[in-house]
Every structure is written in C-alpha cells, then in structure tokens.
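Visitor: Structure file work_27.cif (mmCIF, N, CA and C atoms and all ligand atoms) is given on the next line.
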data_data
#
loop_
_atom_site.label_atom_id
_atom_site.label_comp_id
_atom_site.auth_asym_id
_atom_site.auth_seq_id
_atom_site.Cartn_x
_atom_site.Cartn_y
_atom_site.Cartn_z
N MET V 1267 -38.20 239.67 145.64
CA MET V 1267 -38.33 238.25 145.31
C MET V 1267 -37.07 237.51 145.78
N PRO V 1268 -37.21 236.40 146.53
CA PRO V 1268 -36.02 235.71 147.01
C PRO V 1268 -35.27 235.05 145.86
N LEU V 1269 -33.96 234.93 146.04
CA LEU V 1269 -33.14 234.21 145.07
C LEU V 1269 -33.00 232.79 145.57
N THR V 1270 -33.33 231.81 144.75
CA THR V 1270 -33.15 230.42 145.12
C THR V 1270 -32.30 229.75 144.07
N GLY V 1271 -31.62 228.68 144.51
CA GLY V 1271 -30.78 227.98 143.55
C GLY V 1271 -30.36 226.62 144.04
N SER V 1272 -29.63 225.90 143.21
CA SER V 1272 -29.15 224.57 143.58
C SER V 1272 -27.90 224.23 142.79
N CYS V 1273 -27.25 223.14 143.24
CA CYS V 1273 -26.08 222.63 142.53
C CYS V 1273 -26.52 221.77 141.34
N LEU V 1274 -25.55 221.21 140.66
CA LEU V 1274 -25.85 220.40 139.46
C LEU V 1274 -26.67 219.16 139.79
N CYS V 1275 -26.36 218.47 140.91
CA CYS V 1275 -27.09 217.23 141.22
C CYS V 1275 -28.37 217.48 142.00
N GLY V 1276 -28.50 218.67 142.58
CA GLY V 1276 -29.72 219.02 143.31
C GLY V 1276 -29.69 218.71 144.80
N ALA V 1277 -28.59 218.10 145.30
CA ALA V 1277 -28.51 217.75 146.72
C ALA V 1277 -28.43 218.99 147.61
N VAL V 1278 -27.84 220.05 147.10
CA VAL V 1278 -27.72 221.29 147.87
C VAL V 1278 -28.62 222.35 147.27
N ARG V 1279 -29.38 222.98 148.17
CA ARG V 1279 -30.22 224.11 147.75
C ARG V 1279 -29.91 225.30 148.62
N TYR V 1280 -30.13 226.50 148.09
CA TYR V 1280 -29.95 227.70 148.92
C TYR V 1280 -31.06 228.69 148.61
N GLU V 1281 -31.22 229.60 149.56
CA GLU V 1281 -32.21 230.66 149.39
C GLU V 1281 -31.65 231.93 150.00
N ALA V 1282 -31.81 233.04 149.32
CA ALA V 1282 -31.40 234.34 149.86
C ALA V 1282 -32.63 235.24 149.85
N SER V 1283 -32.93 235.79 151.02
CA SER V 1283 -34.18 236.54 151.15
C SER V 1283 -34.03 237.99 150.71
N ALA V 1284 -32.80 238.43 150.40
CA ALA V 1284 -32.59 239.84 150.04
C ALA V 1284 -32.43 240.01 148.54
N GLU V 1285 -32.71 241.22 148.07
CA GLU V 1285 -32.37 241.58 146.70
C GLU V 1285 -30.85 241.65 146.60
N PRO V 1286 -30.27 241.33 145.45
CA PRO V 1286 -28.81 241.44 145.31
C PRO V 1286 -28.34 242.88 145.56
N VAL V 1287 -27.23 243.02 146.32
CA VAL V 1287 -26.64 244.33 146.56
C VAL V 1287 -25.92 244.80 145.29
N PHE V 1288 -25.26 243.86 144.64
CA PHE V 1288 -24.70 244.14 143.31
C PHE V 1288 -24.52 242.81 142.59
N SER V 1289 -24.30 242.91 141.31
CA SER V 1289 -24.10 241.72 140.50
C SER V 1289 -23.07 242.05 139.43
N GLY V 1290 -22.22 241.10 139.09
CA GLY V 1290 -21.21 241.40 138.09
C GLY V 1290 -20.44 240.16 137.65
N HIS V 1291 -19.51 240.44 136.71
CA HIS V 1291 -18.67 239.39 136.15
C HIS V 1291 -17.26 239.55 136.68
N CYS V 1292 -16.60 238.45 137.01
CA CYS V 1292 -15.19 238.49 137.41
C CYS V 1292 -14.38 237.63 136.46
N TYR V 1293 -13.31 238.24 135.92
CA TYR V 1293 -12.46 237.56 134.94
C TYR V 1293 -11.13 237.12 135.53
N CYS V 1294 -11.00 237.11 136.88
CA CYS V 1294 -9.71 236.76 137.49
C CYS V 1294 -9.39 235.29 137.23
N THR V 1295 -8.11 234.95 137.37
CA THR V 1295 -7.69 233.59 137.01
C THR V 1295 -8.29 232.56 137.96
N ASP V 1296 -8.53 232.92 139.23
CA ASP V 1296 -9.19 231.97 140.14
C ASP V 1296 -10.60 231.65 139.65
N CYS V 1297 -11.32 232.65 139.18
CA CYS V 1297 -12.68 232.41 138.69
C CYS V 1297 -12.65 231.58 137.41
N GLN V 1298 -11.60 231.78 136.59
CA GLN V 1298 -11.48 230.94 135.39
C GLN V 1298 -11.26 229.48 135.78
N LYS V 1299 -10.41 229.26 136.80
CA LYS V 1299 -10.17 227.88 137.27
C LYS V 1299 -11.45 227.29 137.86
N GLU V 1300 -12.13 228.08 138.68
CA GLU V 1300 -13.32 227.55 139.36
C GLU V 1300 -14.40 227.14 138.35
N THR V 1301 -14.64 228.01 137.36
CA THR V 1301 -15.76 227.77 136.45
C THR V 1301 -15.37 226.88 135.27
N GLY V 1302 -14.08 226.88 134.93
CA GLY V 1302 -13.68 226.21 133.70
C GLY V 1302 -14.03 227.02 132.47
N GLY V 1303 -14.43 228.28 132.69
CA GLY V 1303 -14.76 229.17 131.57
C GLY V 1303 -13.94 230.44 131.66
N GLY V 1304 -14.35 231.46 130.93
CA GLY V 1304 -13.59 232.70 130.90
C GLY V 1304 -13.88 233.65 132.04
N HIS V 1305 -15.01 233.50 132.68
CA HIS V 1305 -15.35 234.38 133.81
C HIS V 1305 -16.44 233.75 134.67
N LEU V 1306 -16.64 234.38 135.83
CA LEU V 1306 -17.67 233.97 136.77
C LEU V 1306 -18.67 235.10 136.89
N THR V 1307 -19.95 234.79 137.00
CA THR V 1307 -20.97 235.82 137.21
C THR V 1307 -21.60 235.60 138.58
N ILE V 1308 -21.63 236.68 139.38
CA ILE V 1308 -22.12 236.54 140.75
C ILE V 1308 -23.25 237.53 141.05
N ALA V 1309 -24.04 237.18 142.06
CA ALA V 1309 -24.99 238.10 142.67
C ALA V 1309 -24.64 238.17 144.15
N ALA V 1310 -24.37 239.37 144.66
CA ALA V 1310 -23.94 239.55 146.04
C ALA V 1310 -25.13 239.84 146.94
N VAL V 1311 -25.23 239.07 148.03
CA VAL V 1311 -26.29 239.28 149.03
C VAL V 1311 -25.65 239.25 150.42
N PRO V 1312 -26.26 239.90 151.42
CA PRO V 1312 -25.70 239.85 152.78
C PRO V 1312 -25.71 238.42 153.32
N ASP V 1313 -24.61 238.02 154.01
CA ASP V 1313 -24.48 236.68 154.60
C ASP V 1313 -25.73 236.26 155.37
N SER V 1314 -26.25 237.21 156.16
CA SER V 1314 -27.33 236.89 157.10
C SER V 1314 -28.63 236.49 156.40
N THR V 1315 -28.74 236.77 155.10
CA THR V 1315 -29.98 236.47 154.39
C THR V 1315 -29.96 235.09 153.71
N VAL V 1316 -28.80 234.39 153.82
CA VAL V 1316 -28.62 233.16 153.05
C VAL V 1316 -28.83 231.91 153.91
N LYS V 1317 -29.67 231.00 153.41
CA LYS V 1317 -29.87 229.69 154.05
C LYS V 1317 -29.47 228.61 153.07
N ILE V 1318 -28.65 227.66 153.56
CA ILE V 1318 -28.18 226.56 152.70
C ILE V 1318 -28.64 225.24 153.28
N THR V 1319 -29.14 224.33 152.46
CA THR V 1319 -29.47 222.99 152.93
C THR V 1319 -28.78 221.97 152.04
N GLY V 1320 -28.32 220.86 152.66
CA GLY V 1320 -27.66 219.80 151.90
C GLY V 1320 -26.19 219.71 152.26
N PRO V 1321 -25.52 218.68 151.72
CA PRO V 1321 -24.12 218.39 152.07
C PRO V 1321 -23.13 219.29 151.34
N THR V 1322 -22.48 220.19 152.08
CA THR V 1322 -21.51 221.08 151.44
C THR V 1322 -20.12 220.89 152.01
N SER V 1323 -19.13 221.26 151.23
CA SER V 1323 -17.74 221.32 151.66
C SER V 1323 -17.24 222.72 151.37
N MET V 1324 -16.10 223.05 151.96
CA MET V 1324 -15.58 224.40 151.82
C MET V 1324 -14.12 224.34 151.39
N PHE V 1325 -13.75 225.30 150.55
CA PHE V 1325 -12.34 225.42 150.14
C PHE V 1325 -11.93 226.87 150.29
N SER V 1326 -10.81 227.09 150.98
CA SER V 1326 -10.34 228.46 151.22
C SER V 1326 -9.02 228.69 150.48
N LYS V 1327 -8.92 229.83 149.80
CA LYS V 1327 -7.71 230.16 149.07
C LYS V 1327 -7.52 231.67 149.11
N LEU V 1328 -6.25 232.11 149.16
CA LEU V 1328 -6.00 233.54 149.09
C LEU V 1328 -6.36 234.03 147.69
N GLY V 1329 -7.11 235.13 147.63
CA GLY V 1329 -7.51 235.68 146.34
C GLY V 1329 -6.54 236.74 145.86
N ALA V 1330 -6.85 237.33 144.73
CA ALA V 1330 -6.00 238.37 144.14
C ALA V 1330 -5.88 239.56 145.09
N SER V 1331 -6.86 239.73 145.98
CA SER V 1331 -6.85 240.83 146.95
C SER V 1331 -5.81 240.59 148.04
N GLY V 1332 -5.28 239.35 148.14
CA GLY V 1332 -4.36 239.01 149.22
C GLY V 1332 -5.08 238.50 150.46
N GLN V 1333 -6.41 238.48 150.41
CA GLN V 1333 -7.20 237.97 151.53
C GLN V 1333 -7.92 236.69 151.10
N PRO V 1334 -8.23 235.79 152.09
CA PRO V 1334 -8.82 234.51 151.72
C PRO V 1334 -10.26 234.62 151.22
N THR V 1335 -10.60 233.73 150.33
CA THR V 1335 -11.97 233.56 149.87
C THR V 1335 -12.37 232.13 150.17
N GLU V 1336 -13.49 231.96 150.87
CA GLU V 1336 -14.02 230.62 151.15
C GLU V 1336 -15.09 230.29 150.13
N ARG V 1337 -14.90 229.17 149.43
CA ARG V 1337 -15.90 228.73 148.45
C ARG V 1337 -16.66 227.53 149.01
N THR V 1338 -17.97 227.56 148.87
CA THR V 1338 -18.82 226.47 149.33
C THR V 1338 -19.32 225.70 148.12
N PHE V 1339 -19.08 224.37 148.15
CA PHE V 1339 -19.49 223.55 147.00
C PHE V 1339 -20.21 222.29 147.47
N CYS V 1340 -20.96 221.67 146.59
CA CYS V 1340 -21.70 220.45 146.89
C CYS V 1340 -20.72 219.30 147.08
N SER V 1341 -20.87 218.57 148.20
CA SER V 1341 -19.98 217.44 148.50
C SER V 1341 -20.19 216.28 147.53
N LYS V 1342 -21.35 216.23 146.87
CA LYS V 1342 -21.63 215.13 145.96
C LYS V 1342 -21.17 215.41 144.54
N CYS V 1343 -21.58 216.57 143.98
CA CYS V 1343 -21.29 216.82 142.56
C CYS V 1343 -20.19 217.86 142.34
N GLY V 1344 -19.81 218.58 143.40
CA GLY V 1344 -18.67 219.50 143.28
C GLY V 1344 -18.98 220.88 142.74
N SER V 1345 -20.24 221.15 142.39
CA SER V 1345 -20.57 222.49 141.89
C SER V 1345 -20.35 223.53 142.99
N THR V 1346 -19.66 224.62 142.65
CA THR V 1346 -19.53 225.72 143.61
C THR V 1346 -20.79 226.56 143.56
N LEU V 1347 -21.35 226.81 144.75
CA LEU V 1347 -22.62 227.54 144.83
C LEU V 1347 -22.41 228.99 145.23
N LEU V 1348 -21.43 229.22 146.11
CA LEU V 1348 -21.24 230.58 146.62
C LEU V 1348 -19.85 230.71 147.23
N SER V 1349 -19.43 231.98 147.42
CA SER V 1349 -18.16 232.23 148.10
C SER V 1349 -18.33 233.40 149.05
N ARG V 1350 -17.40 233.45 150.01
CA ARG V 1350 -17.39 234.55 150.97
C ARG V 1350 -15.98 235.11 151.05
N PRO V 1351 -15.71 236.15 150.23
CA PRO V 1351 -14.37 236.75 150.23
C PRO V 1351 -14.20 237.66 151.45
N ARG V 1352 -13.10 237.47 152.18
CA ARG V 1352 -12.80 238.33 153.33
C ARG V 1352 -12.69 239.79 152.90
N ALA V 1353 -12.26 240.01 151.64
CA ALA V 1353 -12.07 241.39 151.15
C ALA V 1353 -13.37 242.19 151.13
N ILE V 1354 -14.51 241.50 151.03
CA ILE V 1354 -15.80 242.18 151.14
C ILE V 1354 -16.63 241.45 152.20
N ALA V 1355 -16.16 241.59 153.46
CA ALA V 1355 -16.74 240.87 154.59
C ALA V 1355 -18.24 241.13 154.70
N GLY V 1356 -18.98 240.07 155.04
CA GLY V 1356 -20.42 240.21 155.23
C GLY V 1356 -21.22 239.93 153.98
N MET V 1357 -20.52 239.74 152.86
CA MET V 1357 -21.22 239.50 151.59
C MET V 1357 -21.02 238.05 151.14
N THR V 1358 -22.08 237.47 150.64
CA THR V 1358 -22.04 236.15 150.03
C THR V 1358 -22.23 236.33 148.53
N LEU V 1359 -21.33 235.74 147.76
CA LEU V 1359 -21.41 235.87 146.30
C LEU V 1359 -21.99 234.59 145.71
N LEU V 1360 -23.26 234.67 145.35
CA LEU V 1360 -23.94 233.51 144.76
C LEU V 1360 -23.48 233.34 143.31
N ARG V 1361 -23.27 232.08 142.89
CA ARG V 1361 -22.91 231.81 141.49
C ARG V 1361 -24.18 231.92 140.65
N ALA V 1362 -24.19 232.90 139.74
CA ALA V 1362 -25.43 233.22 139.01
C ALA V 1362 -25.98 232.03 138.24
N GLY V 1363 -25.08 231.20 137.72
CA GLY V 1363 -25.52 230.05 136.94
C GLY V 1363 -26.20 228.98 137.76
N THR V 1364 -26.08 229.05 139.11
CA THR V 1364 -26.74 228.05 139.97
C THR V 1364 -28.13 228.52 140.41
N LEU V 1365 -28.51 229.74 140.05
CA LEU V 1365 -29.85 230.22 140.42
C LEU V 1365 -30.93 229.43 139.68
N ASP V 1366 -32.08 229.26 140.33
CA ASP V 1366 -33.19 228.61 139.64
C ASP V 1366 -33.62 229.44 138.44
N ASN V 1367 -33.50 230.76 138.59
CA ASN V 1367 -33.86 231.67 137.51
C ASN V 1367 -32.75 232.70 137.30
N PRO V 1368 -31.70 232.31 136.57
CA PRO V 1368 -30.55 233.21 136.41
C PRO V 1368 -30.91 234.53 135.71
N SER V 1369 -32.02 234.59 135.02
CA SER V 1369 -32.38 235.83 134.33
C SER V 1369 -32.91 236.89 135.31
N GLN V 1370 -33.02 236.50 136.60
CA GLN V 1370 -33.46 237.44 137.64
C GLN V 1370 -32.45 238.55 137.92
N ILE V 1371 -31.19 238.32 137.60
CA ILE V 1371 -30.17 239.30 137.97
C ILE V 1371 -29.68 240.09 136.75
N THR V 1372 -29.13 241.27 137.04
CA THR V 1372 -28.62 242.15 135.99
C THR V 1372 -27.20 242.56 136.33
N PRO V 1373 -26.21 241.86 135.79
CA PRO V 1373 -24.82 242.22 136.09
C PRO V 1373 -24.53 243.67 135.70
N GLY V 1374 -23.88 244.42 136.63
CA GLY V 1374 -23.65 245.84 136.42
C GLY V 1374 -22.22 246.23 136.18
N MET V 1375 -21.28 245.30 136.30
CA MET V 1375 -19.87 245.63 136.07
C MET V 1375 -19.06 244.37 135.82
N SER V 1376 -17.87 244.61 135.27
CA SER V 1376 -16.89 243.53 135.09
C SER V 1376 -15.64 243.90 135.85
N ILE V 1377 -15.04 242.94 136.57
CA ILE V 1377 -13.79 243.22 137.28
C ILE V 1377 -12.69 242.25 136.85
N TYR V 1378 -11.45 242.67 137.13
CA TYR V 1378 -10.26 241.92 136.69
C TYR V 1378 -10.29 241.67 135.19
N THR V 1379 -10.73 242.70 134.44
CA THR V 1379 -10.82 242.55 132.98
C THR V 1379 -9.44 242.42 132.33
N SER V 1380 -8.38 242.85 133.07
CA SER V 1380 -7.02 242.72 132.52
C SER V 1380 -6.63 241.24 132.35
N ARG V 1381 -7.36 240.34 133.03
CA ARG V 1381 -7.04 238.91 132.93
C ARG V 1381 -7.94 238.19 131.91
N ALA V 1382 -8.84 238.94 131.26
CA ALA V 1382 -9.82 238.30 130.36
C ALA V 1382 -9.14 237.63 129.17
N GLN V 1383 -9.67 236.51 128.76
CA GLN V 1383 -9.17 235.79 127.60
C GLN V 1383 -9.71 236.44 126.32
N THR V 1384 -8.95 236.29 125.22
CA THR V 1384 -9.41 236.88 123.95
C THR V 1384 -10.73 236.26 123.51
N TRP V 1385 -10.98 235.02 123.94
CA TRP V 1385 -12.21 234.32 123.53
C TRP V 1385 -13.38 234.56 124.48
N ASP V 1386 -13.16 235.40 125.49
CA ASP V 1386 -14.26 235.75 126.40
C ASP V 1386 -14.06 237.19 126.87
N GLN V 1387 -14.35 238.12 125.98
CA GLN V 1387 -14.10 239.54 126.27
C GLN V 1387 -15.28 240.16 127.02
N PRO V 1388 -14.96 241.06 127.99
CA PRO V 1388 -16.01 241.73 128.77
C PRO V 1388 -16.94 242.56 127.87
N SER V 1389 -18.18 242.66 128.28
CA SER V 1389 -19.18 243.45 127.56
C SER V 1389 -18.79 244.93 127.57
N GLU V 1390 -19.02 245.62 126.44
CA GLU V 1390 -18.75 247.06 126.38
C GLU V 1390 -19.94 247.86 126.90
N ASN V 1391 -21.02 247.18 127.25
CA ASN V 1391 -22.24 247.88 127.68
C ASN V 1391 -22.30 248.15 129.17
N ILE V 1392 -21.36 247.61 129.94
CA ILE V 1392 -21.31 247.87 131.39
C ILE V 1392 -19.89 248.26 131.78
N PRO V 1393 -19.72 249.01 132.90
CA PRO V 1393 -18.39 249.44 133.30
C PRO V 1393 -17.46 248.25 133.55
N GLY V 1394 -16.20 248.42 133.17
CA GLY V 1394 -15.19 247.38 133.40
C GLY V 1394 -14.01 247.96 134.16
N PHE V 1395 -13.42 247.15 135.03
CA PHE V 1395 -12.25 247.58 135.82
C PHE V 1395 -11.14 246.55 135.62
N PRO V 1396 -9.89 247.05 135.33
CA PRO V 1396 -8.79 246.13 135.09
C PRO V 1396 -8.50 245.21 136.27
N GLU V 1397 -8.71 245.73 137.53
CA GLU V 1397 -8.57 244.91 138.74
C GLU V 1397 -9.84 245.09 139.54
N MET V 1398 -9.71 245.24 140.89
CA MET V 1398 -10.88 245.54 141.71
C MET V 1398 -11.34 246.97 141.41
N PRO V 1399 -12.65 247.26 141.51
CA PRO V 1399 -13.08 248.65 141.35
C PRO V 1399 -12.54 249.49 142.49
N PRO V 1400 -12.32 250.80 142.27
CA PRO V 1400 -11.84 251.66 143.35
C PRO V 1400 -12.84 251.70 144.50
N ARG V 1401 -12.32 251.77 145.73
CA ARG V 1401 -13.19 251.80 146.92
C ARG V 1401 -13.99 253.09 146.96
N PRO V 1402 -15.28 253.03 147.29
CA PRO V 1402 -16.08 254.25 147.38
C PRO V 1402 -15.59 255.15 148.52
ZN ZN D 1 -24.67 218.57 143.95
ZN ZN D 2 -12.64 236.31 140.25
#
If you convert what's in this file into structure tokens, what do you get?

Guide:
Amino acid sequence: MPLTGSCLCGAVRYEASAEPVFSGHCYCTDCQKETGGGHLTIAAVPDSTVKITGPTSMFSKLGASGQPTERTFCSKCGSTLLSRPRAIAGMTLLRAGTLDNPSQITPGMSIYTSRAQTWDQPSENIPGFPEMPPRP
C-alpha cells in the first residue's frame, strides 16, 4: 500500500510507492527543535519511490552524525515533510505525523534515547539505542 501524506495547509502532497524499510523514533536535539516536541517519528523509504508535488523549500544542517541532513518543508505553512540524511544515503525519512494514515506504520526502534526528555521517555516495548544503532 503506498504511503501518502501532506503538510498542515495541504499545499504540498507526497506519495511513496514502497513499503517502509524501517520506522522509528528519534530523540535527538535536532528532532526536538524541528518538531517542537520530545521526539520525531519517521518512516524510511527509498528516495526513488518518493514523488512530491507543491511548493517546497529545503534546509540543510549537519546532524549528530557529522554529516548533513536536508529537510524539505512546505514553503507556505512550514511543516517539515521529509528529510534526506547523508548518513543513510538513498533513504527518505517521511515525517509519520504528516501521513494521511499515520496508523499505517509500526515504529520498531528508538534512537538517540540519551537525549530524551523526562517528559517524553522512549517506549520500553521496542529496542532503544543511546545514539545511532550499531552498523550491521
Ligand atoms: Zn503547507
Ligand atoms: Zn533526530
């Protein structure tokens, strides 16, 4: 089933034709700034499967990995829809809350849990990693 979603105002829509490769929560400080909450929840799909329509802007910043992450957001309402971290090249990380049906995904891990706030603690029901998970 394709993943579809939109920003807050609806001007930007996206569609990903692939099943998520993985899904999870990130508690890093950049994700806290981006979301305004305690963590970000993403669904990862290959870049080549993603189509975006509407007016977008991009912001690039070095992430905790030391490599840049490009975030794509709606030029009208500012909602971030997805990011492309160089550290996991070829993957697009869709913002789970922007999906038309966020209940479609099943987050399987939490990362950067060492940065989690006391008021937003990672779930004990899925694996958690203090920083990035170890490379396979
Ligand atoms: Zn918008
Ligand atoms: Zn993060």

Visitor: Mind listing the residues within 7 Å of ligand ZN 2 (chain D), all atoms listed in the file counted, as a PyMOL selection string?

Guide: chain V and resi 1291-1298+1306+1377

Visitor: Could you pull out all residues of range 1276-1395 of chain V with a DSSP call of strand (DSSP E or B) and give them as a PyMOL selection string?

Guide: chain V and resi 1279-1282+1288-1292+1306-1312+1316-1319+1322-1328+1334-1340+1346-1351+1357-1361+1365+1375-1377+1394

Visitor: List every residue of chain V that has an atom at most 5 Å from any atom of ligand ZN 1 (chain D), and for each one report the closest atom pair and its distance in Å to one decimal, counting all atoms listed in the file, with rows sorted by chain and then by increasing residue number, as a tab-separated table.

Guide:
residue	atom	partner	partner_atom	distance
V:Cys1273	C	D:ZN1	ZN	4.5
V:Leu1274	N	D:ZN1	ZN	4.3
V:Cys1275	N	D:ZN1	ZN	3.5
V:Gly1276	N	D:ZN1	ZN	4.1
V:Ala1277	N	D:ZN1	ZN	4.2
V:Val1278	N	D:ZN1	ZN	4.7
V:Cys1340	CA	D:ZN1	ZN	4.6
V:Lys1342	C	D:ZN1	ZN	4.8
V:Cys1343	N	D:ZN1	ZN	3.7
V:Gly1344	N	D:ZN1	ZN	4.9

Visitor: Applying 7 Å and all atoms listed in the file, which residues near Gln1333 in chain V remain after dropping the ones on its own chain fewer than 3 positions away? List them as a list in words.

Guide: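 The residues that qualify are Lys1327, Leu1328, Gly1329, Ala1330, Pro1351, Arg1352 and Ala1353 of chain V.
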
Visitor: I need every residue sitting at most 8 Å from the point (-29.0, 236.8, 154.5) (coordinates as in the file, all atoms listed in the file considered), written as a VMD selection string.

Guide: chain V and resid 1281 to 1284 1311 to 1317 1358

Visitor: With DSSP run on the backbone, what are the helix (DSSP H, G or I) residues within range 1315-1357 of chain V? I'd like them as a list in words.

Guide: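 Everything in range 1315-1357 of chain V that counts as helix (DSSP H, G or I) is Thr1315, Arg1352, Ala1353 and Ile1354 of chain V.
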
Visitor: Take CA of Gly1394 in chain V and CA of Met1375 in chain V and report the distance between them in Å, one decimal.

Guide: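 A separation of 5.7 Å between them.
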
Visitor: For a test of reading the model, state the distance in Å between CA of Ala1310 in chain V and CA of Ser1323 in chain V, rounded to one decimal.

Guide: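 CA of Ser1323 in chain V lies at a distance of 20.1 Å from CA of Ala1310 in chain V.
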
Visitor: For Ser1272 in chain V, which residue out of V:Gln1383, V:Gln1370, V:Ser1345, V:Asn1391 is the nearest one, using all atoms listed in the file?

Guide: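 Smallest separation from Ser1272 in chain V among the options: V:Ser1345.
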
Visitor: Determine, for each residue of range 1360-1397 of chain V having at least one atom at most 7 Å from an atom of range 1267-1271 of chain V, the closest pair of atoms and their separation in Å to one decimal, counting all atoms listed in the file; order by chain and ascending number, as a Markdown table.

Guide:
| residue | atom | partner | partner_atom | distance |
| --- | --- | --- | --- | --- |
| V:Thr1364 | C | V:Gly1271 | CA | 4.1 |
| V:Leu1365 | CA | V:Gly1271 | CA | 4.0 |
| V:Asp1366 | N | V:Gly1271 | CA | 3.7 |
| V:Asn1367 | N | V:Thr1270 | C | 5.7 |

Visitor: So the first atom is atom C of Phe1395 in chain V and the second is CA of Tyr1378 in chain V; what is the distance between them in Å, to one decimal place?

Guide: 4.8 Å

Visitor: Would you compute, for all listed atoms of range 1319-1328 of chain V, the axis-aligned bounding box grown by 8 Å on each side, and then report its centre and edge lengths in Å rounded to one decimal, as AutoDock Vina command-line options?

Guide:
--center_x -17.7 --center_y 226.2 --center_z 150.3 --size_x 39.5 --size_y 31.6 --size_z 21.2

Visitor: Between V:Thr1301, V:Ser1389, V:Ser1341, V:Ser1331, which has the minimum distance to Ser1376 in chain V (counting only N, CA and C atoms)?

Guide: V:Ser1389
